[in-house]
Structure formats: C-alpha cells, structure tokens
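A.B. asks: First the structure, then my questions, so here it is.
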Amino acid sequence: MKGWRRPRKWAVLGAAGLAVLLAGCGDVQQGAGQGRYLGLPEAASDRAPAMGQMYVGSWIAAFMVGALVLSILIYSLIRFRRRDPQEVPRQVRYNLPLEFVYTLVPIVIVCTLFFYTVKTQNLVQAKADSTKVHQIDVVGFKWSWAFNYMEQKNPAVGANVNAVGTIESPPTLVLPVNEPVRFNLYSPDVIHSFWVPAFYYKLDVIPGRSNSFDVTPTKVGTYAGKCAELCGTYHSAMLFNVNIVPVEQYNAYLKGLQAQGRTGTFYGPLQANPQLQKKEGN
C-alpha cells in the first residue's frame with residue numbers, strides 16, 4: 001500500500017484544483033463584449049456574449065478533465081511499470097479515498113456545468129420591455145421565410161408590413177441596431193428552425209405552437225440566416241440575409257415596403273395551421 005500513498009495525494013490535489021478551476025469557468029471572457037469565441041462567428045447580439053462564455057467555459061472544462069486523466073495515466077504507466085518480466089504488480093482493491101475522489105469529481109463537474117447552463121439560459125431567454133420592443137412575426141414555410149413587421153403602433157411607420165421570400169429569391173430581414181426585437185415564430189406546414197449564427201441562438205418553428213425570443217442587435221452589418229432543421233426536399237434553400245442598420249434606416253425600409261403595397265401580414269397557407277387562422281381572425 002505504500003506505493004499508493006503518493007498517487008493518492010496527487011489525485012486528491014488534482015481533483016481539488018479541477019473543482020476550483022471549474023467553479024470559475026463560467027466567467028471566462030467576462031466583459032469581453034462582442035467578438036469571436038474559439039471558431040464561432042463574430043457576435044452581433046446582446047445575448048451572444050453569455051453563450052460565448054458558456055461555450056469557452058465548456059471547452060476549458062473538457063480540456064482540464066482530459067489533461068487530468070492523461071496526467072494520471074502517464075504517471076501510472078511510468079511509476080508502476082513492470083521492471084521485472086516475471087513480476088506481477090500488486091493488485092490493490094477497495095481503496096476508499098481513491099473511490100471517493102473518482103466519484104466526487106464527476107459530480108462536481110456535472111453540477112458546475114449545470115449551474116452555468118441554467119444561468120446562461122436565463123440570460124439568453126430573458127424578455128425585453130414589451131413597451132419598447134419591435135415585434136416581428138417570422139413564418140417558416142416550404143421553402144422560404146416571411147417576415148411580418150408589426151409596426152402599426154410605430155409612429156414612424158404606422159402599419160404592419162411584410163417581406164416574403166421564395167426559393168429563387170431569399171428574403172432579407174432588416175433589424176434596428178441597439179433596439180430590442182421580439183421574434184414570434186410560426187409554421188403552417190412542418191418544423192423549421194430559425195437560426196442567425198451571429199446571434200449564437202436558434203429556436204424551432206413548430207406548427208400549432210408559437211415560440212418567441214428577444215434579442216438586441218448590437219453591430220451594424222450583414223449576416224447570414226438559415227433553417228437549422230432538416231425540413232424536407234428544399235431545406236438547403238431556406239436561407240435569408242440579416243441587415244442590422246440604424247433605426248432611421250430601418251424605418252425607411254419599412255416605409256418602402258408600405259409604398260410597394262406590402263402591408264398587412266403573411267402567414268402562408270392558413271388551412272394547415274388553425275393557430276394562424278385564429279391570429280388572422282378567420
């Protein structure tokens with residue numbers, strides 16, 4: 001048993017260090033603002049930093065666990081290697097301290113990751129002030145997108161307007177920078193998924209159910225959007241562009257849609273979704 005005293009001490013110290021480092025992994029990149037996180041696209045929303053920190057923290061935890069396991073493995077291979085071909089290493093069982101350590105460490109890891117996952121989820125799914133938020137009803141249908149800008153109460157626009165895409169002509173979603181937006185998601189046919197990678201967030205678009213989330217765009221520019229759910233034959237064509245612009249340009253774009261006669265709302269074939277029929281007052 002003497003040969004096990006040293007590795008046991010190292011195992012206990014390693015587990016303690018892992019627990020301490022994991023406890024702080026959720027604050028990685030705190031205050032970093034918008035940027036890139038280990039291969040993720042450049043962030044363009046107020047919810048993206050929290051997701052980026054969770055992503056980086058999870059990778060740090062994974063690297064730490066891998067390094068600890070690899071270190072113990074290498075140490076054991078060197079320290080307890082067979083020096084005499086005829087010698088059989090002593091078999092040690094029922095080592096209570098070691099069993100306690102390799103039971104405790106996974107529990108600490110899982111609980112820590114669970115805590116930061118819930119914390120991040122609450123931040124990302126928090127709702128903005130409903131009196132100040134721009135509402136956009138997003139409709140995913142086979143095989144494109146419709147964006148209904150619910151701006152009837154906006155004095156700069158004064159009407160609900162829409163932009164509808166096709167397979168041949170993907171639509172453009174225009175958003176005001178630094179102002180909260182609420183996306184209400186609908187589908188009249190099959191399950192789609194509304195995804196703007198620069199927001200670090202996506203949400204399913206499910207027939208018969210209204211999903212919603214709030215986000216504040218934070219960086220002017222053009223970004224890609226797509227359907228992240230394999231929804232059928234032309235799933236790959238369900239693309240759209242996202243233009244984040246100053247609020248004056250946003251209002252001017254909506255006035256342009258109004259001038260083109262794109263007033264009202266578009267929800268696709270209503271007969272496929274009773275919920276949308278009700279929303280339209282049919």
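Following the order of the structure tokens, first chain is A, next is B, and so on, with residues numbered from 1 inside each chain and ligands from 1 in the order they appear.
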For Asp137 of chain A, please output as a list in words all residues within 7 Å (counting only C-alpha atoms; exclusion window: fewer than 5 positions along the same chain).

C.D. replies: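 Those residues are Phe147, Asn148, Tyr149, Phe183, Asn184 and Leu185 of chain A.
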
A.B. asks: Step one, run DSSP on the backbone; step two, keep only residues of segment 77-260 of chain A assigned to strand (DSSP E or B); then write them as a PDB file with C-alpha atoms, in the first residue's frame.

C.D. replies:
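Result saved to states30.pdb:
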```pdb
ATOM      1  CA  HIS A 134     -40.072  45.787 -32.052  1.00  0.00           C
ATOM      2  CA  GLN A 135     -42.203  42.719 -32.841  1.00  0.00           C
ATOM      3  CA  ILE A 136     -41.535  40.637 -35.929  1.00  0.00           C
ATOM      4  CA  ASP A 137     -43.650  37.595 -36.757  1.00  0.00           C
ATOM      5  CA  VAL A 138     -41.420  35.105 -38.573  1.00  0.00           C
ATOM      6  CA  VAL A 139     -43.094  32.443 -40.698  1.00  0.00           C
ATOM      7  CA  GLY A 140     -41.092  29.461 -41.904  1.00  0.00           C
ATOM      8  CA  PHE A 141     -42.855  27.685 -44.735  1.00  0.00           C
ATOM      9  CA  SER A 144     -38.663  30.078 -47.567  1.00  0.00           C
ATOM     10  CA  TRP A 145     -39.370  32.737 -44.950  1.00  0.00           C
ATOM     11  CA  ALA A 146     -41.802  35.591 -44.392  1.00  0.00           C
ATOM     12  CA  PHE A 147     -41.079  38.487 -42.046  1.00  0.00           C
ATOM     13  CA  ASN A 148     -44.085  40.419 -40.715  1.00  0.00           C
ATOM     14  CA  TYR A 149     -43.044  43.712 -39.138  1.00  0.00           C
ATOM     15  CA  MET A 150     -45.738  44.512 -36.558  1.00  0.00           C
ATOM     16  CA  GLU A 151     -45.159  48.276 -36.577  1.00  0.00           C
ATOM     17  CA  ALA A 159     -48.639  49.997 -40.451  1.00  0.00           C
ATOM     18  CA  ASN A 160     -47.845  46.290 -40.365  1.00  0.00           C
ATOM     19  CA  VAL A 161     -45.738  45.378 -43.382  1.00  0.00           C
ATOM     20  CA  ASN A 162     -44.219  42.158 -44.661  1.00  0.00           C
ATOM     21  CA  ALA A 163     -41.386  40.769 -46.757  1.00  0.00           C
ATOM     22  CA  VAL A 164     -41.846  37.313 -48.270  1.00  0.00           C
ATOM     23  CA  THR A 172     -33.814  39.984 -46.204  1.00  0.00           C
ATOM     24  CA  LEU A 173     -34.540  40.588 -42.531  1.00  0.00           C
ATOM     25  CA  VAL A 174     -33.815  44.201 -41.572  1.00  0.00           C
ATOM     26  CA  LEU A 175     -33.264  44.984 -37.884  1.00  0.00           C
ATOM     27  CA  PRO A 176     -32.557  48.204 -35.948  1.00  0.00           C
ATOM     28  CA  VAL A 181     -36.604  42.887 -31.129  1.00  0.00           C
ATOM     29  CA  ARG A 182     -39.060  40.108 -30.308  1.00  0.00           C
ATOM     30  CA  PHE A 183     -39.313  37.283 -32.822  1.00  0.00           C
ATOM     31  CA  ASN A 184     -42.595  35.349 -32.800  1.00  0.00           C
ATOM     32  CA  LEU A 185     -42.113  32.136 -34.764  1.00  0.00           C
ATOM     33  CA  TYR A 186     -44.804  30.296 -36.733  1.00  0.00           C
ATOM     34  CA  HIS A 192     -38.299  24.523 -39.254  1.00  0.00           C
ATOM     35  CA  SER A 193     -35.622  26.233 -37.143  1.00  0.00           C
ATOM     36  CA  PHE A 194     -34.874  29.967 -37.172  1.00  0.00           C
ATOM     37  CA  TRP A 195     -31.116  30.490 -36.888  1.00  0.00           C
ATOM     38  CA  VAL A 196     -28.894  33.540 -37.179  1.00  0.00           C
ATOM     39  CA  TYR A 201     -29.031  31.286 -30.755  1.00  0.00           C
ATOM     40  CA  LYS A 202     -31.657  29.375 -32.698  1.00  0.00           C
ATOM     41  CA  LEU A 203     -35.219  28.296 -31.980  1.00  0.00           C
ATOM     42  CA  ASP A 204     -37.550  25.753 -33.571  1.00  0.00           C
ATOM     43  CA  VAL A 205     -40.529  26.900 -35.626  1.00  0.00           C
ATOM     44  CA  ASN A 211     -42.234  30.185 -29.942  1.00  0.00           C
ATOM     45  CA  SER A 212     -40.631  33.542 -29.237  1.00  0.00           C
ATOM     46  CA  PHE A 213     -37.370  35.083 -28.100  1.00  0.00           C
ATOM     47  CA  ASP A 214     -35.972  38.570 -27.650  1.00  0.00           C
ATOM     48  CA  VAL A 215     -32.648  39.888 -28.842  1.00  0.00           C
ATOM     49  CA  PRO A 217     -28.762  43.538 -32.372  1.00  0.00           C
ATOM     50  CA  GLY A 221     -23.624  44.785 -40.809  1.00  0.00           C
ATOM     51  CA  THR A 222     -24.942  41.978 -42.995  1.00  0.00           C
ATOM     52  CA  TYR A 223     -25.195  38.460 -41.597  1.00  0.00           C
ATOM     53  CA  ALA A 224     -26.408  35.062 -42.765  1.00  0.00           C
ATOM     54  CA  GLY A 225     -29.551  33.306 -41.598  1.00  0.00           C
ATOM     55  CA  LYS A 226     -30.855  29.843 -42.345  1.00  0.00           C
ATOM     56  CA  CYS A 227     -33.120  26.967 -41.336  1.00  0.00           C
ATOM     57  CA  LEU A 239     -31.760  30.964 -46.484  1.00  0.00           C
ATOM     58  CA  PHE A 240     -32.118  34.639 -45.656  1.00  0.00           C
ATOM     59  CA  ASN A 241     -29.928  37.663 -45.050  1.00  0.00           C
ATOM     60  CA  VAL A 242     -29.943  39.834 -41.949  1.00  0.00           C
ATOM     61  CA  ASN A 243     -29.167  43.548 -42.284  1.00  0.00           C
ATOM     62  CA  ILE A 244     -28.598  45.376 -38.999  1.00  0.00           C
ATOM     63  CA  VAL A 245     -28.938  49.094 -39.625  1.00  0.00           C
TER      64      VAL A 245
END
```

A.B. asks: DSSP on the backbone, helix (DSSP H, G or I) only: what residues of segment 28-223 of chain A does that give? Format it as a count of residues only.

C.D. replies: 64

A.B. asks: Report the closest atom pair, with its distance in Å rounded to one decimal, for each residue of segment 190-250 of chain A that has an atom no farther than 7 Å from segment 42-58 of chain A; count only C-alpha atoms, sort by chain and then rising residue number, and write it as a tab-separated table.

C.D. replies:
```
residue	atom	partner	partner_atom	distance
A:Ala198	CA	A:Ala43	CA	5.0
A:Phe199	CA	A:Ser45	CA	5.2
A:Tyr200	CA	A:Ala48	CA	5.3
A:Val215	CA	A:Ser45	CA	6.5
A:Thr216	CA	A:Asp46	CA	5.5
A:Pro217	CA	A:Ser45	CA	4.4
A:Thr218	CA	A:Ser45	CA	5.0
A:Lys219	CA	A:Ala44	CA	5.2
```

A.B. asks: How many Å separate atom CA of Phe63 of chain A from atom CA of Thr103 of chain A?

C.D. replies: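 Result for atom CA of Phe63 of chain A versus atom CA of Thr103 of chain A: 19.2 Å, one decimal.
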
A.B. asks: Quick one, how far is atom CA of Thr166 of chain A from atom CA of His235 of chain A?

C.D. replies: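 Taking atom CA of Thr166 of chain A and atom CA of His235 of chain A, their separation equals 12.2 Å.
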
A.B. asks: Identify which of the residues A:Thr112, A:Gln260, A:Ser210, A:Ser187 lies closest to Ala61 of chain A, counting only C-alpha atoms when measuring atom-to-atom distances.

C.D. replies: A:Thr112

A.B. asks: Quick check, in Å to one decimal: how far apart do atom CA of Ile191 of chain A and atom CA of Gly264 of chain A lie?

C.D. replies: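 Separating atom CA of Ile191 of chain A from atom CA of Gly264 of chain A is a distance of 24.2 Å.
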